[in-house]
file target_7.txt (compact mmCIF, C-alpha atoms and all ligand atoms)
# COMPACT_ATOMS: atom_id res chain seq x y z
CA MET X 1 96.79 128.63 108.62
CA THR X 2 100.15 128.51 110.35
CA GLN X 3 103.21 128.04 108.13
CA ILE X 4 104.88 125.08 109.74
CA HIS X 5 108.47 126.31 109.54
CA THR X 6 107.54 129.29 111.77
CA ILE X 7 107.00 127.08 114.83
CA ASN X 8 110.57 125.82 115.21
CA ASN X 9 111.45 125.97 118.92
CA TYR X 10 113.94 123.17 119.60
CA GLY X 11 117.26 124.80 118.77
CA THR X 12 120.22 122.75 117.61
CA ALA X 13 120.87 119.06 118.20
CA THR X 14 123.79 116.67 117.73
CA ILE X 15 122.72 113.23 116.56
CA THR X 16 123.96 110.17 118.46
CA ARG X 17 123.14 106.46 118.68
CA HIS X 18 120.35 107.30 121.14
CA ASP X 19 118.42 109.08 118.39
CA ALA X 20 116.04 107.69 115.79
CA LEU X 21 114.78 109.18 112.53
CA LEU X 22 111.16 108.21 111.77
CA VAL X 23 110.39 108.71 108.09
CA ILE X 24 106.62 108.63 107.81
CA ASP X 25 104.74 107.30 104.76
CA MET X 26 106.98 108.54 101.92
CA GLN X 27 104.93 106.46 99.46
CA TYR X 28 103.90 107.20 95.89
CA ASP X 29 100.21 107.64 96.73
CA PHE X 30 101.07 110.62 98.98
CA ILE X 31 103.35 112.27 96.39
CA PRO X 32 101.86 114.50 93.64
CA GLY X 33 100.67 112.08 90.92
CA GLY X 34 99.43 109.59 93.55
CA SER X 35 95.85 109.02 94.73
CA LEU X 36 96.10 111.09 97.95
CA PRO X 37 98.66 113.68 96.91
CA VAL X 38 100.23 115.95 99.50
CA ALA X 39 101.35 119.25 97.95
CA GLY X 40 105.13 119.53 98.00
CA GLY X 41 105.60 115.88 98.98
CA ASP X 42 108.02 115.44 96.07
CA THR X 43 110.22 118.29 97.33
CA ILE X 44 111.10 116.56 100.61
CA VAL X 45 112.32 113.26 99.11
CA LYS X 46 115.93 114.39 98.58
CA PRO X 47 116.32 116.18 101.93
CA ILE X 48 114.93 113.12 103.74
CA ALA X 49 117.21 110.80 101.76
CA HIS X 50 120.17 112.88 102.96
CA LEU X 51 118.98 112.71 106.58
CA MET X 52 118.60 108.91 106.37
CA GLU X 53 122.18 108.60 105.15
CA GLN X 54 123.52 110.86 107.90
CA PHE X 55 121.54 109.29 110.76
CA PHE X 56 122.65 105.81 109.61
CA ALA X 57 126.29 106.84 109.24
CA HIS X 58 126.35 108.22 112.79
CA GLY X 59 124.93 105.13 114.50
CA ALA X 60 121.39 106.45 114.95
CA THR X 61 118.39 104.28 114.09
CA VAL X 62 116.40 104.86 110.90
CA VAL X 63 112.80 103.62 110.63
CA CYS X 64 110.54 104.14 107.62
CA THR X 65 106.79 103.58 107.87
CA GLN X 66 104.35 102.49 105.20
CA ASP X 67 100.62 103.09 105.28
CA TRP X 68 99.43 99.59 104.32
CA HIS X 69 95.71 99.14 103.75
CA PRO X 70 93.74 96.10 102.57
CA LYS X 71 91.31 96.68 99.66
CA GLY X 72 87.97 97.96 100.98
CA HIS X 73 89.57 99.61 104.03
CA ARG X 74 87.05 101.47 106.18
CA SER X 75 89.01 104.76 105.80
CA PHE X 76 88.26 104.77 102.04
CA ALA X 77 85.35 106.92 100.84
CA SER X 78 84.56 104.23 98.24
CA THR X 79 83.81 101.73 101.02
CA HIS X 80 80.97 104.01 102.20
CA GLY X 81 79.75 105.11 98.73
CA LYS X 82 80.86 108.65 99.66
CA ASN X 83 83.30 111.20 98.25
CA PRO X 84 86.93 111.56 99.29
CA TYR X 85 87.41 114.19 102.02
CA ASP X 86 83.75 113.92 103.15
CA PRO X 87 83.57 114.15 106.94
CA ILE X 88 83.14 110.95 108.95
CA HIS X 89 83.12 110.19 112.65
CA GLU X 90 83.40 106.50 113.44
CA PRO X 91 85.57 104.82 116.08
CA GLY X 92 89.05 104.51 114.58
CA ILE X 93 88.11 106.36 111.35
CA GLY X 94 88.02 110.08 110.45
CA PRO X 95 87.64 113.02 110.68
CA VAL X 96 87.49 112.71 106.88
CA LEU X 97 87.27 109.85 104.37
CA TRP X 98 90.15 109.30 101.97
CA PRO X 99 90.55 108.27 98.35
CA ASP X 100 91.64 104.63 98.01
CA HIS X 101 95.37 104.74 98.80
CA CYS X 102 98.35 102.62 99.81
CA VAL X 103 96.60 99.36 99.00
CA ILE X 104 98.85 96.47 100.05
CA GLY X 105 101.23 95.42 97.30
CA THR X 106 100.46 98.25 94.86
CA LYS X 107 102.96 100.71 93.38
CA GLY X 108 101.20 103.52 95.27
CA ALA X 109 102.03 101.78 98.54
CA SER X 110 105.73 101.40 97.81
CA LEU X 111 108.35 103.73 99.24
CA HIS X 112 109.66 106.40 96.90
CA GLU X 113 112.55 104.83 95.03
CA GLU X 114 114.85 107.81 95.64
CA LEU X 115 114.77 107.07 99.36
CA PRO X 116 117.73 104.89 100.32
CA ALA X 117 115.79 101.99 101.86
CA HIS X 118 119.15 100.28 102.52
CA PHE X 119 119.65 102.78 105.36
CA CYS X 120 116.46 101.65 107.16
CA HIS X 121 117.06 99.50 110.24
CA ALA X 122 113.35 98.66 110.18
CA ILE X 123 110.26 99.29 108.10
CA VAL X 124 107.01 99.45 110.07
CA ARG X 125 103.68 98.92 108.33
CA LYS X 126 100.42 100.17 109.74
CA GLY X 127 96.75 100.48 108.79
CA TYR X 128 96.33 96.80 107.85
CA THR X 129 93.33 96.24 110.17
CA ILE X 130 90.31 96.51 107.85
CA ASN X 131 88.05 98.65 110.07
CA ILE X 132 90.59 100.71 112.07
CA ASP X 133 92.93 103.35 110.68
CA SER X 134 96.43 103.92 112.05
CA TYR X 135 97.68 107.46 111.70
CA SER X 136 100.37 106.77 114.27
CA ALA X 137 103.43 104.58 113.79
CA PHE X 138 103.04 103.47 117.44
CA LEU X 139 99.32 102.83 118.01
CA GLU X 140 96.30 102.15 115.83
CA ASN X 141 93.48 104.71 116.01
CA ASP X 142 91.75 102.62 118.72
CA LYS X 143 94.67 103.97 120.86
CA LYS X 144 95.20 100.43 122.20
CA THR X 145 96.70 98.19 119.52
CA ALA X 146 100.47 98.62 119.39
CA THR X 147 102.58 98.27 116.25
CA GLY X 148 105.59 97.24 118.38
CA LEU X 149 107.65 100.31 117.42
CA SER X 150 107.86 101.62 120.98
CA GLY X 151 109.47 98.39 122.25
CA TYR X 152 111.75 98.22 119.23
CA LEU X 153 113.08 101.72 119.82
CA SER X 154 113.41 101.41 123.59
CA ASN X 155 115.18 98.05 123.26
CA ARG X 156 117.72 99.81 121.06
CA GLY X 157 118.35 102.51 123.68
CA ILE X 158 116.59 105.27 121.76
CA LYS X 159 115.74 108.34 123.84
CA ARG X 160 114.76 110.88 121.19
CA ILE X 161 112.87 110.62 117.91
CA PHE X 162 113.01 113.00 114.96
CA VAL X 163 109.84 112.66 112.89
CA CYS X 164 109.42 113.79 109.26
CA GLY X 165 107.51 112.86 106.11
CA LEU X 166 103.81 112.77 105.20
CA ALA X 167 101.51 114.02 106.27
CA PHE X 168 102.33 116.68 108.88
CA ASP X 169 98.71 116.97 110.09
CA TYR X 170 98.00 113.20 110.22
CA CYS X 171 100.64 110.51 110.43
CA VAL X 172 103.55 112.78 111.42
CA HIS X 173 101.36 114.47 114.04
CA PHE X 174 100.01 111.29 115.64
CA SER X 175 103.36 109.49 115.48
CA ALA X 176 105.08 112.38 117.27
CA VAL X 177 102.35 112.59 119.94
CA ASP X 178 102.30 108.84 120.59
CA GLY X 179 106.10 108.78 120.62
CA ALA X 180 106.09 111.52 123.25
CA ARG X 181 103.43 109.66 125.25
CA ALA X 182 105.59 106.53 125.08
CA GLY X 183 108.39 108.50 126.77
CA PHE X 184 110.60 109.53 123.87
CA GLU X 185 111.63 113.14 123.38
CA ALA X 186 109.80 113.92 120.13
CA VAL X 187 110.89 116.52 117.58
CA VAL X 188 109.25 117.13 114.19
CA ILE X 189 111.55 118.27 111.37
CA THR X 190 109.28 120.90 109.85
CA ASP X 191 111.07 121.51 106.54
CA CYS X 192 110.94 117.75 105.83
CA SER X 193 107.17 117.41 106.40
CA LYS X 194 104.18 118.53 104.30
CA ALA X 195 100.47 118.71 105.21
CA VAL X 196 97.25 117.39 103.61
CA ASN X 197 95.25 120.41 104.90
CA SER X 198 91.89 118.61 105.15
CA PRO X 199 89.73 119.62 106.92
CA ALA X 200 90.76 123.29 106.77
CA THR X 201 91.86 123.43 110.42
CA SER X 202 93.94 120.24 110.37
CA VAL X 203 97.36 121.91 110.53
CA ASP X 204 96.48 124.27 113.38
CA ASP X 205 94.72 121.45 115.26
CA ALA X 206 97.78 119.25 114.83
CA ILE X 207 100.14 121.96 116.11
CA THR X 208 97.93 122.59 119.16
CA ASP X 209 97.79 118.87 119.97
CA MET X 210 101.54 118.35 119.48
CA GLU X 211 102.37 121.36 121.66
CA ALA X 212 100.04 120.02 124.38
CA HIS X 213 102.06 116.78 124.34
CA ASN X 214 105.50 118.44 124.50
CA VAL X 215 106.38 117.69 120.90
CA ARG X 216 108.94 120.20 119.63
CA PHE X 217 109.93 121.41 116.18
CA CYS X 218 113.22 121.96 114.35
CA ALA X 219 114.66 122.46 110.87
CA SER X 220 116.95 119.91 109.26
CA ALA X 221 119.67 122.60 109.26
CA ASP X 222 119.52 122.58 113.10
CA LEU X 223 120.90 119.02 113.17
CA SER X 224 124.60 118.30 113.32
CA PHE X 225 126.39 114.97 113.01
C1 LIG G 1 97.80 109.46 106.01
C2 LIG G 1 95.64 109.98 105.46
C3 LIG G 1 95.33 108.65 105.33
C4 LIG G 1 99.17 109.94 106.37
C5 LIG G 1 97.51 108.12 105.88
O1 LIG G 1 100.15 109.23 106.08
O2 LIG G 1 99.28 111.04 106.95
N1 LIG G 1 96.87 110.38 105.82
N2 LIG G 1 96.27 107.73 105.53
ZN ZN G 2 95.87 105.70 105.09
call {"tool": "encode", "arguments": {"input": "target_7.txt", "output": "structure tokens", "more": "lines below"}}
Ligand code: VGL
Ligand code: ZN
result
Amino acid sequence: MTQIHTINNYGTATITRHDALLVIDMQYDFIPGGSLPVAGGDTIVKPIAHLMEQFFAHGATVVCTQDWHPKGHRSFASTHGKNPYDPIHEPGIGPVLWPDHCVIGTKGASLHEELPAHFCHAIVRKGYTINIDSYSAFLENDKKTATGLSGYLSNRGIKRIFVCGLAFDYCVHFSAVDGARAGFEAVVITDCSKAVNSPATSVDDAITDMEAHNVRFCASADLSF
């Protein structure tokens, strides 16, 4: 499996008001101790909090997303009487089933309290349609239903998005790809993202797909303000 910091290829960048930081799904259920824990998720909270403060202070746009599922969501293994991480291939669902997670209104669905939510210009919720998942912050997994984020960012004059958070191989991956397809320059901040690693090829598959869609990669230390 590729170590994600080894793929950095963007070089340095100076952040302006035409940039946006997309902080993906930094919710308790994805942090160790939650129901769908992503290894190392706790270690990126402070670095992301610092980025949110800096992007905000320099006139860039900060958007946080929340995975936001109704009880009995079709992406949950329990809905099918199956085990978490079992494979599934259904329109809008898969390639694996998940433990129950980010159920609307629960503690597990709330943003980590050490993230400065007061620096968010907007919070986008996704995954609320009972039988369709939404790995992307832009489009549900039917690849048709928009969240509205693309219009929000373009109306604010955003040209480039920096994507970080959880999980690298799912919601960060699909948000970066759909952002690039929507016409934004898309860059993933690799040291501020962690992967689920299920199925075993998910990280390498995500890198291949992102590279095919002109998504690039940087480290937070490559950004200046
Ligand atoms: C995610 C699995 C299920 C993510 C969300 O945020 O990457 N992964 N739901
Ligand atoms: Zn989910």
call {"tool": "residues_around", "arguments": {"input": "target_7.txt", "residues": "range 171-187 of chain X", "least_positions_apart": "2", "cutoff": "6 Å", "atoms": "all atoms listed in the file", "output": "list in words"}}
result
Tyr135, Ser136, Ala137, Lys159, Arg160, Ile161, Phe162, Ala167, Phe168, Asp169, Met210, Val215, Arg216 and Phe217 of chain X
call {"tool": "atom_distance", "arguments": {"input": "target_7.txt", "atom1": "CA of Val188 in chain X", "atom2": "CA of Glu114 in chain X"}}
result
21.5 Å
call {"tool": "residues_around", "arguments": {"input": "target_7.txt", "residues": "range 17-33 of chain X", "least_positions_apart": "3", "cutoff": "9 Å", "atoms": "only C-alpha atoms", "output": "JSON, numbers by chain"}}
result
{"X": [36, 37, 38, 39, 40, 41, 42, 45, 48, 51, 52, 55, 58, 59, 60, 61, 62, 63, 64, 65, 66, 67, 101, 102, 107, 108, 109, 110, 111, 112, 113, 115, 137, 153, 156, 157, 158, 159, 160, 161, 162, 163, 164, 165, 166, 167, 171, 172, 175, 193]}
call {"tool": "write_last_selection", "arguments": {"input": "target_7.txt", "atoms": "C-alpha atoms", "output": "PDB file, in the coordinates of the input"}}
result
ATOM      1  CA  LEU X  36      96.100 111.090  97.950  1.00  0.00           C
ATOM      2  CA  PRO X  37      98.660 113.680  96.910  1.00  0.00           C
ATOM      3  CA  VAL X  38     100.230 115.950  99.500  1.00  0.00           C
ATOM      4  CA  ALA X  39     101.350 119.250  97.950  1.00  0.00           C
ATOM      5  CA  GLY X  40     105.130 119.530  98.000  1.00  0.00           C
ATOM      6  CA  GLY X  41     105.600 115.880  98.980  1.00  0.00           C
ATOM      7  CA  ASP X  42     108.020 115.440  96.070  1.00  0.00           C
ATOM      8  CA  VAL X  45     112.320 113.260  99.110  1.00  0.00           C
ATOM      9  CA  ILE X  48     114.930 113.120 103.740  1.00  0.00           C
ATOM     10  CA  LEU X  51     118.980 112.710 106.580  1.00  0.00           C
ATOM     11  CA  MET X  52     118.600 108.910 106.370  1.00  0.00           C
ATOM     12  CA  PHE X  55     121.540 109.290 110.760  1.00  0.00           C
ATOM     13  CA  HIS X  58     126.350 108.220 112.790  1.00  0.00           C
ATOM     14  CA  GLY X  59     124.930 105.130 114.500  1.00  0.00           C
ATOM     15  CA  ALA X  60     121.390 106.450 114.950  1.00  0.00           C
ATOM     16  CA  THR X  61     118.390 104.280 114.090  1.00  0.00           C
ATOM     17  CA  VAL X  62     116.400 104.860 110.900  1.00  0.00           C
ATOM     18  CA  VAL X  63     112.800 103.620 110.630  1.00  0.00           C
ATOM     19  CA  CYS X  64     110.540 104.140 107.620  1.00  0.00           C
ATOM     20  CA  THR X  65     106.790 103.580 107.870  1.00  0.00           C
ATOM     21  CA  GLN X  66     104.350 102.490 105.200  1.00  0.00           C
ATOM     22  CA  ASP X  67     100.620 103.090 105.280  1.00  0.00           C
ATOM     23  CA  HIS X 101      95.370 104.740  98.800  1.00  0.00           C
ATOM     24  CA  CYS X 102      98.350 102.620  99.810  1.00  0.00           C
ATOM     25  CA  LYS X 107     102.960 100.710  93.380  1.00  0.00           C
ATOM     26  CA  GLY X 108     101.200 103.520  95.270  1.00  0.00           C
ATOM     27  CA  ALA X 109     102.030 101.780  98.540  1.00  0.00           C
ATOM     28  CA  SER X 110     105.730 101.400  97.810  1.00  0.00           C
ATOM     29  CA  LEU X 111     108.350 103.730  99.240  1.00  0.00           C
ATOM     30  CA  HIS X 112     109.660 106.400  96.900  1.00  0.00           C
ATOM     31  CA  GLU X 113     112.550 104.830  95.030  1.00  0.00           C
ATOM     32  CA  LEU X 115     114.770 107.070  99.360  1.00  0.00           C
ATOM     33  CA  ALA X 137     103.430 104.580 113.790  1.00  0.00           C
ATOM     34  CA  LEU X 153     113.080 101.720 119.820  1.00  0.00           C
ATOM     35  CA  ARG X 156     117.720  99.810 121.060  1.00  0.00           C
ATOM     36  CA  GLY X 157     118.350 102.510 123.680  1.00  0.00           C
ATOM     37  CA  ILE X 158     116.590 105.270 121.760  1.00  0.00           C
ATOM     38  CA  LYS X 159     115.740 108.340 123.840  1.00  0.00           C
ATOM     39  CA  ARG X 160     114.760 110.880 121.190  1.00  0.00           C
ATOM     40  CA  ILE X 161     112.870 110.620 117.910  1.00  0.00           C
ATOM     41  CA  PHE X 162     113.010 113.000 114.960  1.00  0.00           C
ATOM     42  CA  VAL X 163     109.840 112.660 112.890  1.00  0.00           C
ATOM     43  CA  CYS X 164     109.420 113.790 109.260  1.00  0.00           C
ATOM     44  CA  GLY X 165     107.510 112.860 106.110  1.00  0.00           C
ATOM     45  CA  LEU X 166     103.810 112.770 105.200  1.00  0.00           C
ATOM     46  CA  ALA X 167     101.510 114.020 106.270  1.00  0.00           C
ATOM     47  CA  CYS X 171     100.640 110.510 110.430  1.00  0.00           C
ATOM     48  CA  VAL X 172     103.550 112.780 111.420  1.00  0.00           C
ATOM     49  CA  SER X 175     103.360 109.490 115.480  1.00  0.00           C
ATOM     50  CA  SER X 193     107.170 117.410 106.400  1.00  0.00           C
TER      51      SER X 193
END
call {"tool": "axis_aligned_box", "arguments": {"input": "target_7.txt", "around": "range 142-156 of chain X", "padding_each_side": "5 Å", "output": "lines of an AutoDock Vina configuration file"}}
result
center_x = 104.7
center_y = 100.6
center_z = 119.9
size_x = 36.0
size_y = 16.7
size_z = 17.3
call {"tool": "closest_residue", "arguments": {"input": "target_7.txt", "among": "X:Ser134, X:Thr190, X:Ser35, X:Gln54", "to": "His73 in chain X", "atoms": "only C-alpha atoms"}}
result
X:Ser134
call {"tool": "atom_distance", "arguments": {"input": "target_7.txt", "atom1": "CA of Gly11 in chain X", "atom2": "CA of Thr201 in chain X"}}
result
26.8 Å
call {"tool": "atom_distance", "arguments": {"input": "target_7.txt", "atom1": "CA of Lys194 in chain X", "atom2": "CA of Ser78 in chain X"}}
result
25.0 Å
call {"tool": "residues_near_point", "arguments": {"input": "target_7.txt", "point": "(89.5, 107.1, 108.7)", "cutoff": "8 Å", "atoms": "all atoms listed in the file", "output": "number ranges by chain"}}
result
X: 74-76, 88, 90, 92-98, 132-133
call {"tool": "closest_residue", "arguments": {"input": "target_7.txt", "among": "X:Asp86, X:Val103, X:Lys126, X:Asn9", "to": "Pro199 in chain X", "atoms": "only C-alpha atoms"}}
result
X:Asp86
call {"tool": "closest_residue", "arguments": {"input": "target_7.txt", "among": "X:Thr208, X:His80, X:Ile44, X:Tyr170", "to": "Ala195 in chain X", "atoms": "only C-alpha atoms"}}
result
X:Tyr170
call {"tool": "closest_residue", "arguments": {"input": "target_7.txt", "among": "X:Ala117, X:Ala212, X:Ile123, X:Val196", "to": "ligand ZN 2 (chain G)", "atoms": "only C-alpha atoms and all ligand atoms"}}
result
X:Val196
call {"tool": "closest_residue", "arguments": {"input": "target_7.txt", "among": "X:Thr2, X:Thr43, X:Thr14, X:Ser202", "to": "ligand LIG 1 (chain G)", "atoms": "all atoms listed in the file"}}
result
X:Ser202
call {"tool": "closest_residue", "arguments": {"input": "target_7.txt", "among": "X:Asn197, X:Ser220, X:Ser154, X:Thr147", "to": "ligand LIG 1 (chain G)", "atoms": "only C-alpha atoms and all ligand atoms"}}
result
X:Asn197
call {"tool": "residues_around", "arguments": {"input": "target_7.txt", "residues": "Thr12 in chain X", "least_positions_apart": "2", "cutoff": "10 Å", "atoms": "only C-alpha atoms", "output": "MDAnalysis selection string"}}
result
chainID X and resid 9:10 14:15 218:224
call {"tool": "build_atoms", "arguments": {"input": "target_7.txt", "residues": "range 34-59 of chain X", "atoms": "N, CA, C and O atoms", "output": "CSV table (one decimal), keeping the file's coordinate frame"}}
result
chain,number,residue,atom,x,y,z
X,34,GLY,N,100.1,110.7,92.9
X,34,GLY,CA,99.4,109.6,93.6
X,34,GLY,C,98.0,109.9,93.9
X,34,GLY,O,97.4,110.9,93.5
X,35,SER,N,97.3,108.9,94.5
X,35,SER,CA,95.8,109.0,94.7
X,35,SER,C,95.5,109.9,95.9
X,35,SER,O,94.3,110.4,95.9
X,36,LEU,N,96.4,110.2,96.8
X,36,LEU,CA,96.1,111.1,98.0
X,36,LEU,C,97.3,112.1,98.1
X,36,LEU,O,98.0,112.0,99.0
X,37,PRO,N,97.4,112.9,97.0
X,37,PRO,CA,98.7,113.7,96.9
X,37,PRO,C,98.8,114.8,98.0
X,37,PRO,O,97.8,115.4,98.3
X,38,VAL,N,99.9,114.9,98.5
X,38,VAL,CA,100.2,116.0,99.5
X,38,VAL,C,101.1,117.0,98.8
X,38,VAL,O,102.2,116.6,98.3
X,39,ALA,N,100.6,118.2,98.7
X,39,ALA,CA,101.4,119.2,98.0
X,39,ALA,C,102.8,119.4,98.5
X,39,ALA,O,103.0,119.5,99.7
X,40,GLY,N,103.7,119.4,97.6
X,40,GLY,CA,105.1,119.5,98.0
X,40,GLY,C,105.8,118.2,98.5
X,40,GLY,O,107.0,118.2,98.8
X,41,GLY,N,105.0,117.2,98.5
X,41,GLY,CA,105.6,115.9,99.0
X,41,GLY,C,106.9,115.5,98.2
X,41,GLY,O,107.8,114.9,98.8
X,42,ASP,N,106.9,115.8,96.9
X,42,ASP,CA,108.0,115.4,96.1
X,42,ASP,C,109.3,116.2,96.5
X,42,ASP,O,110.4,115.8,96.3
X,43,THR,N,109.1,117.4,97.0
X,43,THR,CA,110.2,118.3,97.3
X,43,THR,C,111.0,117.9,98.6
X,43,THR,O,112.1,118.4,98.8
X,44,ILE,N,110.4,117.0,99.4
X,44,ILE,CA,111.1,116.6,100.6
X,44,ILE,C,111.8,115.2,100.5
X,44,ILE,O,112.5,114.8,101.4
X,45,VAL,N,111.7,114.6,99.3
X,45,VAL,CA,112.3,113.3,99.1
X,45,VAL,C,113.8,113.4,99.3
X,45,VAL,O,114.5,112.6,100.0
X,46,LYS,N,114.5,114.3,98.5
X,46,LYS,CA,115.9,114.4,98.6
X,46,LYS,C,116.4,114.8,100.0
X,46,LYS,O,117.4,114.2,100.5
X,47,PRO,N,115.8,115.8,100.6
X,47,PRO,CA,116.3,116.2,101.9
X,47,PRO,C,116.2,115.0,102.9
X,47,PRO,O,117.1,114.8,103.8
X,48,ILE,N,115.1,114.2,102.8
X,48,ILE,CA,114.9,113.1,103.7
X,48,ILE,C,116.0,112.0,103.4
X,48,ILE,O,116.5,111.4,104.3
X,49,ALA,N,116.2,111.8,102.1
X,49,ALA,CA,117.2,110.8,101.8
X,49,ALA,C,118.6,111.1,102.4
X,49,ALA,O,119.3,110.3,102.9
X,50,HIS,N,118.9,112.4,102.4
X,50,HIS,CA,120.2,112.9,103.0
X,50,HIS,C,120.2,112.7,104.5
X,50,HIS,O,121.2,112.2,105.0
X,51,LEU,N,119.1,113.0,105.1
X,51,LEU,CA,119.0,112.7,106.6
X,51,LEU,C,119.1,111.2,106.9
X,51,LEU,O,119.8,110.8,107.9
X,52,MET,N,118.5,110.4,106.1
X,52,MET,CA,118.6,108.9,106.4
X,52,MET,C,120.1,108.5,106.3
X,52,MET,O,120.5,107.7,107.2
X,53,GLU,N,120.8,109.0,105.3
X,53,GLU,CA,122.2,108.6,105.2
X,53,GLU,C,123.0,109.1,106.4
X,53,GLU,O,123.8,108.3,106.9
X,54,GLN,N,122.7,110.3,106.8
X,54,GLN,CA,123.5,110.9,107.9
X,54,GLN,C,123.2,110.2,109.2
X,54,GLN,O,124.1,109.9,110.0
X,55,PHE,N,121.9,110.0,109.5
X,55,PHE,CA,121.5,109.3,110.8
X,55,PHE,C,122.2,107.9,110.8
X,55,PHE,O,122.8,107.5,111.8
X,56,PHE,N,122.1,107.2,109.7
X,56,PHE,CA,122.6,105.8,109.6
X,56,PHE,C,124.2,105.8,109.8
X,56,PHE,O,124.7,105.1,110.6
X,57,ALA,N,124.8,106.8,109.2
X,57,ALA,CA,126.3,106.8,109.2
X,57,ALA,C,126.8,107.2,110.6
X,57,ALA,O,127.9,106.8,111.0
X,58,HIS,N,125.9,107.8,111.5
X,58,HIS,CA,126.4,108.2,112.8
X,58,HIS,C,125.8,107.3,113.9
X,58,HIS,O,125.7,107.7,115.0
X,59,GLY,N,125.3,106.1,113.5
X,59,GLY,CA,124.9,105.1,114.5
X,59,GLY,C,123.5,105.3,115.1
X,59,GLY,O,123.2,104.6,116.0
